[in-house]
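Structure file input.cif; described as mmCIF, C-alpha atoms and all ligand atoms.
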data_entry
#
loop_
_atom_site.group_PDB
_atom_site.id
_atom_site.type_symbol
_atom_site.label_atom_id
_atom_site.label_comp_id
_atom_site.auth_asym_id
_atom_site.auth_seq_id
_atom_site.Cartn_x
_atom_site.Cartn_y
_atom_site.Cartn_z
ATOM 1 C CA MET X 1 -0.752 -40.707 -68.489
ATOM 2 C CA HIS X 2 -3.625 -39.213 -70.441
ATOM 3 C CA ASP X 3 -6.575 -41.576 -70.599
ATOM 4 C CA ASN X 4 -7.786 -42.416 -74.070
ATOM 5 C CA ASP X 5 -11.442 -41.990 -73.312
ATOM 6 C CA PHE X 6 -11.173 -38.205 -73.563
ATOM 7 C CA ASP X 7 -10.020 -36.129 -76.501
ATOM 8 C CA TRP X 8 -9.312 -33.034 -74.412
ATOM 9 C CA ALA X 9 -8.379 -30.797 -77.335
ATOM 10 C CA ALA X 10 -11.700 -31.592 -79.030
ATOM 11 C CA MET X 11 -13.466 -30.600 -75.795
ATOM 12 C CA ALA X 12 -11.860 -27.146 -75.711
ATOM 13 C CA ASP X 13 -15.058 -25.219 -76.516
ATOM 14 C CA LEU X 14 -17.122 -27.131 -73.975
ATOM 15 C CA LEU X 15 -14.469 -26.817 -71.255
ATOM 16 C CA GLU X 16 -14.186 -23.067 -71.811
ATOM 17 C CA LEU X 17 -17.948 -22.477 -72.019
ATOM 18 C CA GLU X 18 -18.631 -24.648 -68.969
ATOM 19 C CA GLY X 19 -15.742 -23.020 -67.102
ATOM 20 C CA GLU X 20 -17.265 -19.597 -67.794
ATOM 21 C CA ALA X 21 -20.815 -20.633 -66.932
ATOM 22 C CA HIS X 22 -19.647 -22.152 -63.625
ATOM 23 C CA SER X 23 -17.026 -19.524 -62.813
ATOM 24 C CA SER X 24 -18.986 -17.915 -59.967
ATOM 25 C CA TYR X 25 -17.923 -20.839 -57.767
ATOM 26 C CA VAL X 26 -14.240 -20.150 -58.463
ATOM 27 C CA ARG X 27 -14.703 -16.506 -57.506
ATOM 28 C CA GLN X 28 -16.436 -17.496 -54.258
ATOM 29 C CA ALA X 29 -13.817 -20.124 -53.433
ATOM 30 C CA LEU X 30 -11.048 -17.573 -54.051
ATOM 31 C CA ASP X 31 -12.870 -15.087 -51.776
ATOM 32 C CA ASP X 32 -12.894 -17.807 -49.103
ATOM 33 C CA LEU X 33 -9.183 -18.462 -49.671
ATOM 34 C CA ALA X 34 -8.413 -14.749 -49.367
ATOM 35 C CA GLU X 35 -10.000 -14.848 -45.884
ATOM 36 C CA LEU X 36 -7.639 -17.569 -44.631
ATOM 37 C CA PRO X 37 -5.160 -16.231 -42.083
ATOM 38 C CA ASP X 38 -1.567 -15.866 -43.308
ATOM 39 C CA LEU X 39 -2.241 -16.752 -46.925
ATOM 40 C CA ASP X 40 -0.837 -14.209 -49.348
ATOM 41 C CA PRO X 41 0.052 -16.410 -52.306
ATOM 42 C CA ARG X 42 3.135 -15.410 -54.281
ATOM 43 C CA ARG X 43 3.152 -18.502 -56.471
ATOM 44 C CA ILE X 44 0.016 -20.346 -57.646
ATOM 45 C CA LEU X 45 -0.208 -23.533 -59.718
ATOM 46 C CA ASP X 46 -3.446 -24.560 -61.461
ATOM 47 C CA ILE X 47 -2.893 -28.246 -62.180
ATOM 48 C CA GLY X 48 -5.012 -29.450 -65.111
ATOM 49 C CA SER X 49 -6.036 -25.907 -65.935
ATOM 50 C CA GLY X 50 -7.650 -26.762 -69.263
ATOM 51 C CA PRO X 51 -8.417 -23.485 -71.122
ATOM 52 C CA GLY X 52 -7.458 -21.432 -68.067
ATOM 53 C CA VAL X 53 -10.787 -19.985 -66.926
ATOM 54 C CA ALA X 54 -10.035 -20.592 -63.235
ATOM 55 C CA ALA X 55 -6.344 -19.717 -63.624
ATOM 56 C CA CYS X 56 -7.236 -16.312 -65.111
ATOM 57 C CA ARG X 57 -9.629 -15.714 -62.204
ATOM 58 C CA MET X 58 -6.758 -16.479 -59.820
ATOM 59 C CA ALA X 59 -4.531 -14.021 -61.667
ATOM 60 C CA GLU X 60 -7.264 -11.383 -61.245
ATOM 61 C CA ALA X 61 -7.870 -12.200 -57.582
ATOM 62 C CA PHE X 62 -4.171 -12.307 -56.613
ATOM 63 C CA PRO X 63 -2.506 -9.781 -58.961
ATOM 64 C CA ARG X 64 0.824 -9.933 -57.082
ATOM 65 C CA ALA X 65 1.094 -13.708 -57.532
ATOM 66 C CA GLU X 66 2.795 -15.578 -60.346
ATOM 67 C CA VAL X 67 0.066 -17.900 -61.643
ATOM 68 C CA THR X 68 0.995 -20.921 -63.776
ATOM 69 C CA ALA X 69 -1.559 -22.965 -65.712
ATOM 70 C CA VAL X 70 -0.287 -26.551 -66.024
ATOM 71 C CA ASP X 71 -1.860 -29.092 -68.390
ATOM 72 C CA GLY X 72 -0.988 -32.011 -70.645
ATOM 73 C CA THR X 73 -2.938 -30.683 -73.647
ATOM 74 C CA PRO X 74 -1.026 -27.980 -75.551
ATOM 75 C CA GLU X 75 -4.163 -26.809 -77.417
ATOM 76 C CA LEU X 76 -5.791 -25.978 -74.084
ATOM 77 C CA LEU X 77 -2.720 -24.136 -72.810
ATOM 78 C CA ALA X 78 -2.801 -22.061 -76.020
ATOM 79 C CA ARG X 79 -6.416 -21.185 -75.181
ATOM 80 C CA ALA X 80 -5.359 -20.223 -71.656
ATOM 81 C CA GLU X 81 -2.700 -17.894 -73.070
ATOM 82 C CA GLN X 82 -5.187 -16.293 -75.475
ATOM 83 C CA ARG X 83 -7.678 -15.864 -72.662
ATOM 84 C CA ALA X 84 -5.094 -14.215 -70.379
ATOM 85 C CA ALA X 85 -4.060 -11.841 -73.182
ATOM 86 C CA ARG X 86 -7.713 -10.967 -73.838
ATOM 87 C CA LEU X 87 -8.357 -10.269 -70.153
ATOM 88 C CA GLY X 88 -5.040 -8.478 -69.624
ATOM 89 C CA VAL X 89 -3.876 -10.740 -66.782
ATOM 90 C CA ARG X 90 -0.437 -12.219 -66.141
ATOM 91 C CA LEU X 91 -0.400 -15.995 -66.691
ATOM 92 C CA ARG X 92 2.391 -18.486 -67.293
ATOM 93 C CA THR X 93 1.706 -21.868 -68.864
ATOM 94 C CA GLU X 94 3.572 -25.135 -68.524
ATOM 95 C CA SER X 95 2.998 -28.460 -70.233
ATOM 96 C CA ALA X 96 3.169 -31.536 -67.982
ATOM 97 C CA GLU X 97 1.727 -35.043 -67.845
ATOM 98 C CA PHE X 98 0.296 -36.158 -64.491
ATOM 99 C CA PRO X 99 1.251 -37.533 -62.198
ATOM 100 C CA GLU X 100 4.884 -38.013 -63.198
ATOM 101 C CA GLY X 101 5.288 -34.482 -64.615
ATOM 102 C CA LEU X 102 4.381 -32.814 -61.327
ATOM 103 C CA THR X 103 7.928 -32.981 -60.023
ATOM 104 C CA GLY X 104 9.887 -30.180 -61.595
ATOM 105 C CA LEU X 105 7.136 -27.591 -61.316
ATOM 106 C CA GLY X 106 8.632 -26.071 -58.175
ATOM 107 C CA THR X 107 6.606 -25.245 -55.076
ATOM 108 C CA ALA X 108 3.625 -22.945 -54.588
ATOM 109 C CA ASP X 109 1.613 -21.242 -51.856
ATOM 110 C CA LEU X 110 -1.655 -22.242 -53.520
ATOM 111 C CA VAL X 111 -2.185 -25.356 -55.636
ATOM 112 C CA TRP X 112 -5.591 -25.581 -57.322
ATOM 113 C CA SER X 113 -6.762 -28.616 -59.256
ATOM 114 C CA GLY X 114 -10.298 -28.660 -60.677
ATOM 115 C CA HIS X 115 -11.943 -31.866 -61.944
ATOM 116 C CA VAL X 116 -8.564 -33.481 -62.600
ATOM 117 C CA VAL X 117 -7.621 -35.886 -59.783
ATOM 118 C CA HIS X 118 -10.391 -38.302 -60.853
ATOM 119 C CA HIS X 119 -8.614 -38.674 -64.201
ATOM 120 C CA VAL X 120 -5.500 -40.091 -62.511
ATOM 121 C CA GLY X 121 -5.332 -43.852 -61.816
ATOM 122 C CA ASP X 122 -4.107 -43.587 -58.208
ATOM 123 C CA GLN X 123 -6.023 -40.646 -56.742
ATOM 124 C CA GLN X 124 -4.464 -40.870 -53.265
ATOM 125 C CA ASP X 125 -0.992 -40.852 -54.797
ATOM 126 C CA ALA X 126 -1.984 -37.853 -56.954
ATOM 127 C CA LEU X 127 -3.056 -35.977 -53.795
ATOM 128 C CA ARG X 128 0.259 -36.815 -52.129
ATOM 129 C CA ARG X 129 2.113 -35.460 -55.152
ATOM 130 C CA LEU X 130 -0.002 -32.288 -55.195
ATOM 131 C CA THR X 131 0.664 -31.842 -51.464
ATOM 132 C CA ALA X 132 4.396 -32.175 -52.130
ATOM 133 C CA LEU X 133 4.142 -29.048 -54.314
ATOM 134 C CA LEU X 134 3.095 -26.917 -51.343
ATOM 135 C CA GLU X 135 5.296 -24.521 -49.437
ATOM 136 C CA PRO X 136 4.892 -24.831 -45.633
ATOM 137 C CA GLY X 137 1.600 -23.059 -44.821
ATOM 138 C CA GLY X 138 0.457 -23.445 -48.434
ATOM 139 C CA VAL X 139 -3.063 -24.515 -49.419
ATOM 140 C CA LEU X 140 -4.279 -27.246 -51.749
ATOM 141 C CA ALA X 141 -7.776 -26.789 -53.233
ATOM 142 C CA ILE X 142 -9.287 -29.584 -55.281
ATOM 143 C CA VAL X 143 -12.661 -29.536 -57.027
ATOM 144 C CA GLU X 144 -14.288 -32.973 -56.869
ATOM 145 C CA GLY X 145 -17.786 -34.269 -56.247
ATOM 146 C CA GLY X 146 -20.541 -31.669 -56.248
ATOM 147 C CA LEU X 147 -23.851 -32.388 -57.950
ATOM 148 C CA PRO X 148 -24.821 -33.424 -61.482
ATOM 149 C CA ILE X 149 -25.840 -30.545 -63.756
ATOM 150 C CA ARG X 150 -29.521 -29.936 -64.450
ATOM 151 C CA ARG X 151 -30.555 -28.109 -67.628
ATOM 152 C CA LEU X 152 -33.946 -29.372 -68.790
ATOM 153 C CA PRO X 153 -37.519 -29.583 -67.490
ATOM 154 C CA ARG X 154 -38.275 -33.132 -66.292
ATOM 155 C CA ASP X 155 -41.065 -33.292 -68.882
ATOM 156 C CA LEU X 156 -39.972 -31.706 -72.151
ATOM 157 C CA GLY X 157 -43.357 -32.036 -73.825
ATOM 158 C CA PHE X 158 -42.034 -34.928 -75.939
ATOM 159 C CA GLY X 159 -40.112 -38.123 -75.269
ATOM 160 C CA ARG X 160 -40.117 -40.019 -71.974
ATOM 161 C CA PRO X 161 -39.947 -37.673 -68.929
ATOM 162 C CA GLY X 162 -36.784 -37.844 -66.798
ATOM 163 C CA LEU X 163 -34.157 -37.826 -69.583
ATOM 164 C CA GLU X 164 -31.494 -36.149 -67.439
ATOM 165 C CA ALA X 165 -31.753 -38.737 -64.657
ATOM 166 C CA ARG X 166 -31.142 -41.456 -67.262
ATOM 167 C CA LEU X 167 -28.226 -39.466 -68.750
ATOM 168 C CA ASP X 168 -26.730 -39.299 -65.238
ATOM 169 C CA ALA X 169 -27.068 -43.059 -64.856
ATOM 170 C CA VAL X 170 -25.251 -43.850 -68.109
ATOM 171 C CA SER X 171 -22.627 -41.147 -67.401
ATOM 172 C CA ALA X 172 -21.931 -42.817 -64.048
ATOM 173 C CA GLU X 173 -21.431 -46.165 -65.802
ATOM 174 C CA ARG X 174 -19.104 -44.629 -68.363
ATOM 175 C CA PHE X 175 -17.203 -42.838 -65.584
ATOM 176 C CA ALA X 176 -16.734 -46.089 -63.658
ATOM 177 C CA ARG X 177 -15.411 -47.773 -66.817
ATOM 178 C CA MET X 178 -13.100 -44.824 -67.518
ATOM 179 C CA ARG X 179 -11.664 -45.038 -63.982
ATOM 180 C CA ALA X 180 -11.237 -48.819 -64.122
ATOM 181 C CA GLU X 181 -9.322 -48.534 -67.410
ATOM 182 C CA LEU X 182 -6.928 -45.785 -66.289
ATOM 183 C CA PRO X 183 -3.284 -46.882 -66.092
ATOM 184 C CA GLY X 184 -2.458 -47.895 -62.511
ATOM 185 C CA SER X 185 -6.104 -47.578 -61.492
ATOM 186 C CA VAL X 186 -6.572 -47.994 -57.719
ATOM 187 C CA ALA X 187 -10.001 -48.272 -56.107
ATOM 188 C CA VAL X 188 -10.338 -46.023 -53.066
ATOM 189 C CA VAL X 189 -13.187 -44.786 -50.881
ATOM 190 C CA GLU X 190 -13.710 -41.349 -52.414
ATOM 191 C CA ASP X 191 -13.817 -39.522 -49.098
ATOM 192 C CA TRP X 192 -12.052 -36.418 -50.375
ATOM 193 C CA PRO X 193 -11.483 -34.726 -46.976
ATOM 194 C CA GLY X 194 -10.190 -38.048 -45.579
ATOM 195 C CA MET X 195 -7.899 -38.419 -48.578
ATOM 196 C CA LEU X 196 -6.530 -34.886 -48.108
ATOM 197 C CA ARG X 197 -5.794 -35.725 -44.461
ATOM 198 C CA ALA X 198 -4.136 -38.993 -45.526
ATOM 199 C CA ALA X 199 -1.959 -36.920 -47.865
ATOM 200 C CA GLY X 200 -0.689 -35.094 -44.763
ATOM 201 C CA LEU X 201 -2.784 -31.912 -44.905
ATOM 202 C CA THR X 202 -4.301 -30.087 -41.935
ATOM 203 C CA GLU X 203 -7.217 -27.619 -41.566
ATOM 204 C CA VAL X 204 -9.136 -29.751 -44.070
ATOM 205 C CA HIS X 205 -12.615 -28.505 -44.929
ATOM 206 C CA SER X 206 -15.037 -28.626 -47.859
ATOM 207 C CA ARG X 207 -17.468 -26.083 -49.197
ATOM 208 C CA THR X 208 -20.104 -26.407 -51.884
ATOM 209 C CA TYR X 209 -21.072 -23.474 -54.101
ATOM 210 C CA LEU X 210 -24.325 -23.231 -56.006
ATOM 211 C CA VAL X 211 -24.157 -22.379 -59.711
ATOM 212 C CA ASP X 212 -27.544 -21.050 -60.696
ATOM 213 C CA HIS X 213 -28.528 -19.684 -64.105
ATOM 214 C CA PRO X 214 -32.336 -19.610 -64.105
ATOM 215 C CA ALA X 215 -34.443 -19.565 -67.285
ATOM 216 C CA PRO X 216 -34.422 -17.826 -69.651
ATOM 217 C CA LEU X 217 -30.745 -18.440 -70.336
ATOM 218 C CA ALA X 218 -28.343 -15.829 -71.673
ATOM 219 C CA GLU X 219 -26.404 -16.670 -74.840
ATOM 220 C CA GLY X 220 -23.261 -18.089 -73.098
ATOM 221 C CA PRO X 221 -24.984 -20.604 -70.793
ATOM 222 C CA ARG X 222 -27.350 -21.571 -73.643
ATOM 223 C CA ARG X 223 -24.354 -22.442 -75.848
ATOM 224 C CA THR X 224 -22.906 -24.379 -72.896
ATOM 225 C CA VAL X 225 -26.090 -26.456 -72.698
ATOM 226 C CA ARG X 226 -25.989 -27.150 -76.461
ATOM 227 C CA ARG X 227 -22.333 -28.237 -76.359
ATOM 228 C CA ALA X 228 -22.889 -30.457 -73.328
ATOM 229 C CA LEU X 229 -25.890 -32.197 -74.905
ATOM 230 C CA GLU X 230 -23.979 -32.626 -78.187
ATOM 231 C CA ARG X 231 -21.258 -34.367 -76.220
ATOM 232 C CA HIS X 232 -23.797 -36.532 -74.385
ATOM 233 C CA ARG X 233 -25.301 -37.508 -77.759
ATOM 234 C CA ALA X 234 -21.850 -38.390 -79.144
ATOM 235 C CA VAL X 235 -20.438 -40.337 -76.184
ATOM 236 C CA LEU X 236 -23.525 -41.702 -74.459
ATOM 237 C CA GLY X 237 -25.773 -42.205 -77.499
ATOM 238 C CA GLU X 238 -25.112 -45.949 -77.750
ATOM 239 C CA LEU X 239 -25.972 -46.461 -74.090
ATOM 240 C CA LEU X 240 -29.376 -44.783 -74.426
ATOM 241 C CA ASP X 241 -32.524 -46.405 -75.730
ATOM 242 C CA ALA X 242 -33.865 -45.333 -79.143
ATOM 243 C CA GLU X 243 -36.523 -43.037 -77.672
ATOM 244 C CA ASP X 244 -34.036 -41.076 -75.541
ATOM 245 C CA ALA X 245 -31.576 -40.855 -78.452
ATOM 246 C CA ALA X 246 -34.373 -39.433 -80.621
ATOM 247 C CA THR X 247 -35.282 -36.955 -77.857
ATOM 248 C CA LEU X 248 -31.686 -35.712 -77.766
ATOM 249 C CA ASP X 249 -31.684 -35.400 -81.577
ATOM 250 C CA ARG X 250 -34.820 -33.301 -81.432
ATOM 251 C CA LEU X 251 -33.363 -31.097 -78.674
ATOM 252 C CA LEU X 252 -30.287 -30.520 -80.850
ATOM 253 C CA ASP X 253 -32.245 -29.653 -84.018
ATOM 254 C CA PRO X 254 -31.608 -25.923 -84.602
ATOM 255 C CA ASP X 255 -34.846 -25.581 -86.594
ATOM 256 C CA ASP X 256 -37.093 -27.156 -83.972
ATOM 257 C CA PRO X 257 -38.900 -24.607 -81.734
ATOM 258 C CA ALA X 258 -38.712 -27.223 -78.920
ATOM 259 C CA GLY X 259 -34.919 -27.537 -79.365
ATOM 260 C CA VAL X 260 -32.282 -26.055 -77.050
ATOM 261 C CA ASP X 261 -31.544 -23.105 -79.343
ATOM 262 C CA GLN X 262 -35.079 -21.806 -79.091
ATOM 263 C CA ARG X 263 -36.837 -23.030 -75.960
ATOM 264 C CA GLU X 264 -37.292 -20.546 -73.124
ATOM 265 C CA ASP X 265 -37.324 -23.058 -70.269
ATOM 266 C CA LEU X 266 -33.655 -24.114 -70.319
ATOM 267 C CA TYR X 267 -31.676 -23.403 -67.176
ATOM 268 C CA LEU X 268 -28.284 -24.355 -65.762
ATOM 269 C CA LEU X 269 -28.151 -25.462 -62.155
ATOM 270 C CA THR X 270 -25.384 -27.310 -60.378
ATOM 271 C CA ALA X 271 -23.176 -27.282 -57.299
ATOM 272 C CA GLU X 272 -19.382 -27.472 -57.205
ATOM 273 C CA THR X 273 -17.533 -28.741 -54.138
ATOM 274 C CA VAL X 274 -14.049 -27.494 -53.291
ATOM 275 C CA HIS X 275 -11.996 -29.418 -50.714
ATOM 276 C CA PHE X 276 -9.285 -27.377 -49.003
ATOM 277 C CA GLY X 277 -6.286 -28.515 -46.966
ATOM 278 C CA ARG X 278 -3.197 -26.807 -45.626
ATOM 279 C CA ARG X 279 0.389 -27.925 -45.263
ATOM 280 C CA ALA X 280 1.487 -27.419 -41.678
ATOM 281 C CA LYS X 281 3.998 -24.617 -41.169
ATOM 282 C CA GLY X 282 6.601 -26.230 -39.045
HETATM 283 C C1 LIG L 1 -12.142 -31.923 -66.886
HETATM 284 S S1 LIG L 1 -10.801 -30.931 -67.451
HETATM 285 C C2 LIG L 1 -10.751 -29.712 -66.154
HETATM 286 C C3 LIG L 1 -10.357 -28.341 -66.651
HETATM 287 C C4 LIG L 1 -10.427 -27.272 -65.568
HETATM 288 N N1 LIG L 1 -9.509 -27.534 -64.477
HETATM 289 C C5 LIG L 1 -11.821 -27.125 -65.022
HETATM 290 O O1 LIG L 1 -12.028 -27.278 -63.805
HETATM 291 O O2 LIG L 1 -12.735 -26.848 -65.808
HETATM 292 C C6 LIG L 1 -9.402 -31.942 -67.096
HETATM 293 C C7 LIG L 1 -8.089 -31.308 -67.561
HETATM 294 O O3 LIG L 1 -7.017 -32.107 -67.085
HETATM 295 C C8 LIG L 1 -6.104 -32.381 -68.125
HETATM 296 N N2 LIG L 1 -5.596 -33.741 -67.879
HETATM 297 C C9 LIG L 1 -6.334 -34.845 -67.628
HETATM 298 N N3 LIG L 1 -5.547 -35.903 -67.416
HETATM 299 C C10 LIG L 1 -4.268 -35.441 -67.518
HETATM 300 C C11 LIG L 1 -2.989 -36.047 -67.392
HETATM 301 N N4 LIG L 1 -2.863 -37.335 -67.078
HETATM 302 N N5 LIG L 1 -1.896 -35.277 -67.571
HETATM 303 C C12 LIG L 1 -2.018 -33.969 -67.864
HETATM 304 N N6 LIG L 1 -3.198 -33.334 -67.992
HETATM 305 C C13 LIG L 1 -4.306 -34.066 -67.820
HETATM 306 C C14 LIG L 1 -6.887 -32.290 -69.420
HETATM 307 O O4 LIG L 1 -6.049 -31.908 -70.510
HETATM 308 C C15 LIG L 1 -7.932 -31.235 -69.075
HETATM 309 O O5 LIG L 1 -7.511 -29.957 -69.419
#

As C-alpha cells:
Amino acid sequence: MHDNDFDWAAMADLLELEGEAHSSYVRQALDDLAELPDLDPRRILDIGSGPGVAACRMAEAFPRAEVTAVDGTPELLARAEQRAARLGVRLRTESAEFPEGLTGLGTADLVWSGHVVHHVGDQQDALRRLTALLEPGGVLAIVEGGLPIRRLPRDLGFGRPGLEARLDAVSAERFARMRAELPGSVAVVEDWPGMLRAAGLTEVHSRTYLVDHPAPLAEGPRRTVRRALERHRAVLGELLDAEDAATLDRLLDPDDPAGVDQREDLYLLTAETVHFGRRAKG
C-alpha cells in the first residue's frame, strides 16, 4: 500500500535531482558488486526505482543484463523511461504496489531497493519478499540508514544558528509518525544487517559511501538544495517555530543575496549506506 503522507508524483523533480546529486554512491556500490565472485547479473530488479537514476546506472554498469525499474507511481516510471531513452540505455519498467505486487515479477540475480523498505509497514516481511525474488547466488542490496544531509553553514548570518539540526529533529518526528501510520506497521529493531540475515541471506555486509559536493555548488546540486528546502518548508513548516520558518522563507527568496540561489557557501554532504546480502547457492 502507498502511504498517504507522500505524494510521490509531486516529488518527481526532487527525487530525480537528489538521485543525480547522490549518484556517485550508486556507482561505487555497483563497482563493489562487480567485484563479488560469481556475480554476473543477467536480470536486475530495482524495486521502488522512482525516476530511475539508479536503474539507469545499473543498465550502464551491466550492459548485458535486463534491468527492470519497478515502482507504484506511473509518473515516476515514465520519467525512468525518458531518462533511459535520453541516456541510450536499455531499461524495462513495471508498475507494482509493495509488498503484495512483488510476487509476479519473476526472479533476478541482483535486487536493488533504495530508500523504499522503510515505506513498507512490515519491514522484515518486505525483506523476506525481496529475498524471495533472488536466484540462488543472487544479491540483495538495500539502501537504508546513512547520515542526514548537510547543506548550510551552521550560522547563516541571520536567524538562529543550527537550523539544519532542528530540521533533522522535526523530520525524525514526522518519519516516526509516518511509520506508525503505515498499514500493517510493525515496530522492529532497525538492525539492517541482522534483518537481512533473518530474511535468510548470507555474506551480509554494509558499506557507507560519502557524497561530497563542496562549495561553491554547481547548478544541479544547487537546484537539489532549493527543492529539498522547499519541501522542508512545505511539510515541516508547521512544526518549526516562527523564527526558523522565516529563516527558510528568506533562504528561498530568489531575490535575496543571502538566499540559496545566490549564496556561495552552500554545499551538499551526506553518506549513503548500502546493506548487501546473498542467497546461498545450494
Ligand atoms: C524515496 S523514493 C526512492 C527512489 C529511489 N529508489 C531512490 O533511491 O532515490 C521511494 C519510491 O518508492 C515508491 N514506493 C513507496 N512506497 C511504495 C509502495 N507501497 N508500492 C510501490 N511503490 C512504492 C515511490 O513511488 C518512490 O518512487

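From atom O3 of ligand LIG 1 (chain L) back to CA of Gly114 in chain X, the distance works out to 8.0 Å.
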
Run the PyMOL selection byres (((chain X and resi 176-187) around 8) and not hetatm) mentally over the shown coordinates, then write out the matched residues as JSON, numbers by chain, using the chain letters and numbers from the document.
{"X": [1, 3, 5, 118, 119, 120, 121, 122, 123, 172, 173, 174, 175, 188, 189]}

Distance query Leu196 in chain X at most 9 Å, only C-alpha atoms, self and fewer than 2 positions along chain excluded, as a CSV table (one decimal) with C-alpha atoms, in the coordinates of the input:
chain,number,residue,atom,x,y,z
X,124,GLN,CA,-4.5,-40.9,-53.3
X,127,LEU,CA,-3.1,-36.0,-53.8
X,128,ARG,CA,0.3,-36.8,-52.1
X,131,THR,CA,0.7,-31.8,-51.5
X,140,LEU,CA,-4.3,-27.2,-51.7
X,191,ASP,CA,-13.8,-39.5,-49.1
X,192,TRP,CA,-12.1,-36.4,-50.4
X,193,PRO,CA,-11.5,-34.7,-47.0
X,194,GLY,CA,-10.2,-38.0,-45.6
X,198,ALA,CA,-4.1,-39.0,-45.5
X,199,ALA,CA,-2.0,-36.9,-47.9
X,200,GLY,CA,-0.7,-35.1,-44.8
X,201,LEU,CA,-2.8,-31.9,-44.9
X,202,THR,CA,-4.3,-30.1,-41.9
X,204,VAL,CA,-9.1,-29.8,-44.1
X,275,HIS,CA,-12.0,-29.4,-50.7
X,276,PHE,CA,-9.3,-27.4,-49.0
X,277,GLY,CA,-6.3,-28.5,-47.0

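Across X:Arg227, X:Ser171, X:Glu66, X:Leu152, the tightest approach to Leu266 in chain X is made by X:Leu152 when counting all atoms listed in the file.
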
Please put the answer as JSON: centre and edge lengths, in Å with one decimal, of a box along x, y and z that encloses all listed atoms of ligand LIG 1 (chain L) plus 4 Å on each side.
{"center_x": -7.3, "center_y": -32.1, "center_z": -67.2, "size_x": 18.8, "size_y": 18.5, "size_z": 14.7}

Just say which residues the PyMOL selection byres (((chain X and resi 236) around 10) and not hetatm) picks in this file, as a VMD selection string.
chain X and resid 167 170 to 171 173 to 174 229 to 235 237 to 240 245

Could you produce a table of the residues of chain X lying within 8 Å of ligand LIG 1 (chain L), with the nearest pair of atoms per residue and their separation in Å rounded to one decimal, using all atoms listed in the file, ordered by chain and increasing residue number, as CSV?
residue,atom,partner,partner_atom,distance
X:Met1,CA,L:LIG1,N4,4.2
X:His2,CA,L:LIG1,N4,3.9
X:Asp3,CA,L:LIG1,N3,6.6
X:Trp8,CA,L:LIG1,O4,5.2
X:Ala9,CA,L:LIG1,O4,7.3
X:Leu15,CA,L:LIG1,O2,5.7
X:Glu16,CA,L:LIG1,O2,7.2
X:Glu18,CA,L:LIG1,O2,7.0
X:Gly19,CA,L:LIG1,O2,5.0
X:Asp46,CA,L:LIG1,N1,7.4
X:Ile47,CA,L:LIG1,N1,7.0
X:Gly48,CA,L:LIG1,O3,3.9
X:Ser49,CA,L:LIG1,N1,4.1
X:Gly50,CA,L:LIG1,O5,3.2
X:Pro51,CA,L:LIG1,O5,6.8
X:Gly52,CA,L:LIG1,C4,7.0
X:Val53,CA,L:LIG1,O2,7.2
X:Ala54,CA,L:LIG1,O1,7.0
X:Val70,CA,L:LIG1,N6,7.6
X:Asp71,CA,L:LIG1,N6,4.5
X:Gly72,CA,L:LIG1,C12,3.6
X:Thr73,CA,L:LIG1,O4,4.6
X:Leu76,CA,L:LIG1,O5,6.4
X:Ser95,CA,L:LIG1,C12,7.8
X:Ala96,CA,L:LIG1,C12,5.7
X:Glu97,CA,L:LIG1,N5,3.6
X:Phe98,CA,L:LIG1,N5,3.9
X:Pro99,CA,L:LIG1,N4,6.4
X:Gly101,CA,L:LIG1,N5,7.8
X:Ser113,CA,L:LIG1,N1,6.0
X:Gly114,CA,L:LIG1,O1,3.8
X:His115,CA,L:LIG1,C2,4.9
X:Val116,CA,L:LIG1,C6,4.8
X:Val117,CA,L:LIG1,N3,7.9
X:His119,CA,L:LIG1,N3,5.2
X:Val120,CA,L:LIG1,N4,6.0
X:Val143,CA,L:LIG1,O1,7.2

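If you count only C-alpha atoms and ignore residues fewer than 5 places along the chain from Ala34 in chain X, what sits within 12 Å of it is Arg27, Gln28, Ala29, Leu39, Asp40, Pro41, Met58, Ala61, Phe62, Leu110 and Val139 of chain X.
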
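Using only C-alpha atoms, the shortest contact distance between Ala228 in chain X and any of X:Ala169, X:Ile149, X:Leu130, X:Met195 is found at X:Ile149.
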
Tyr209 in chain X: which residues within 6 Å, counting all atoms listed in the file, same-chain residues fewer than 6 positions away excluded, as a PDB file with C-alpha atoms, keeping the file's coordinate frame?
ATOM      1  CA  TYR X  25     -17.923 -20.839 -57.767  1.00  0.00           C
ATOM      2  CA  ALA X 271     -23.176 -27.282 -57.299  1.00  0.00           C
ATOM      3  CA  GLU X 272     -19.382 -27.472 -57.205  1.00  0.00           C
TER       4      GLU X 272
END

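Comparing X:Gly220, X:Gly145, X:Pro63, X:Gly104 by their smallest distance to Gly88 in chain X, the closest is X:Pro63 (using only C-alpha atoms).
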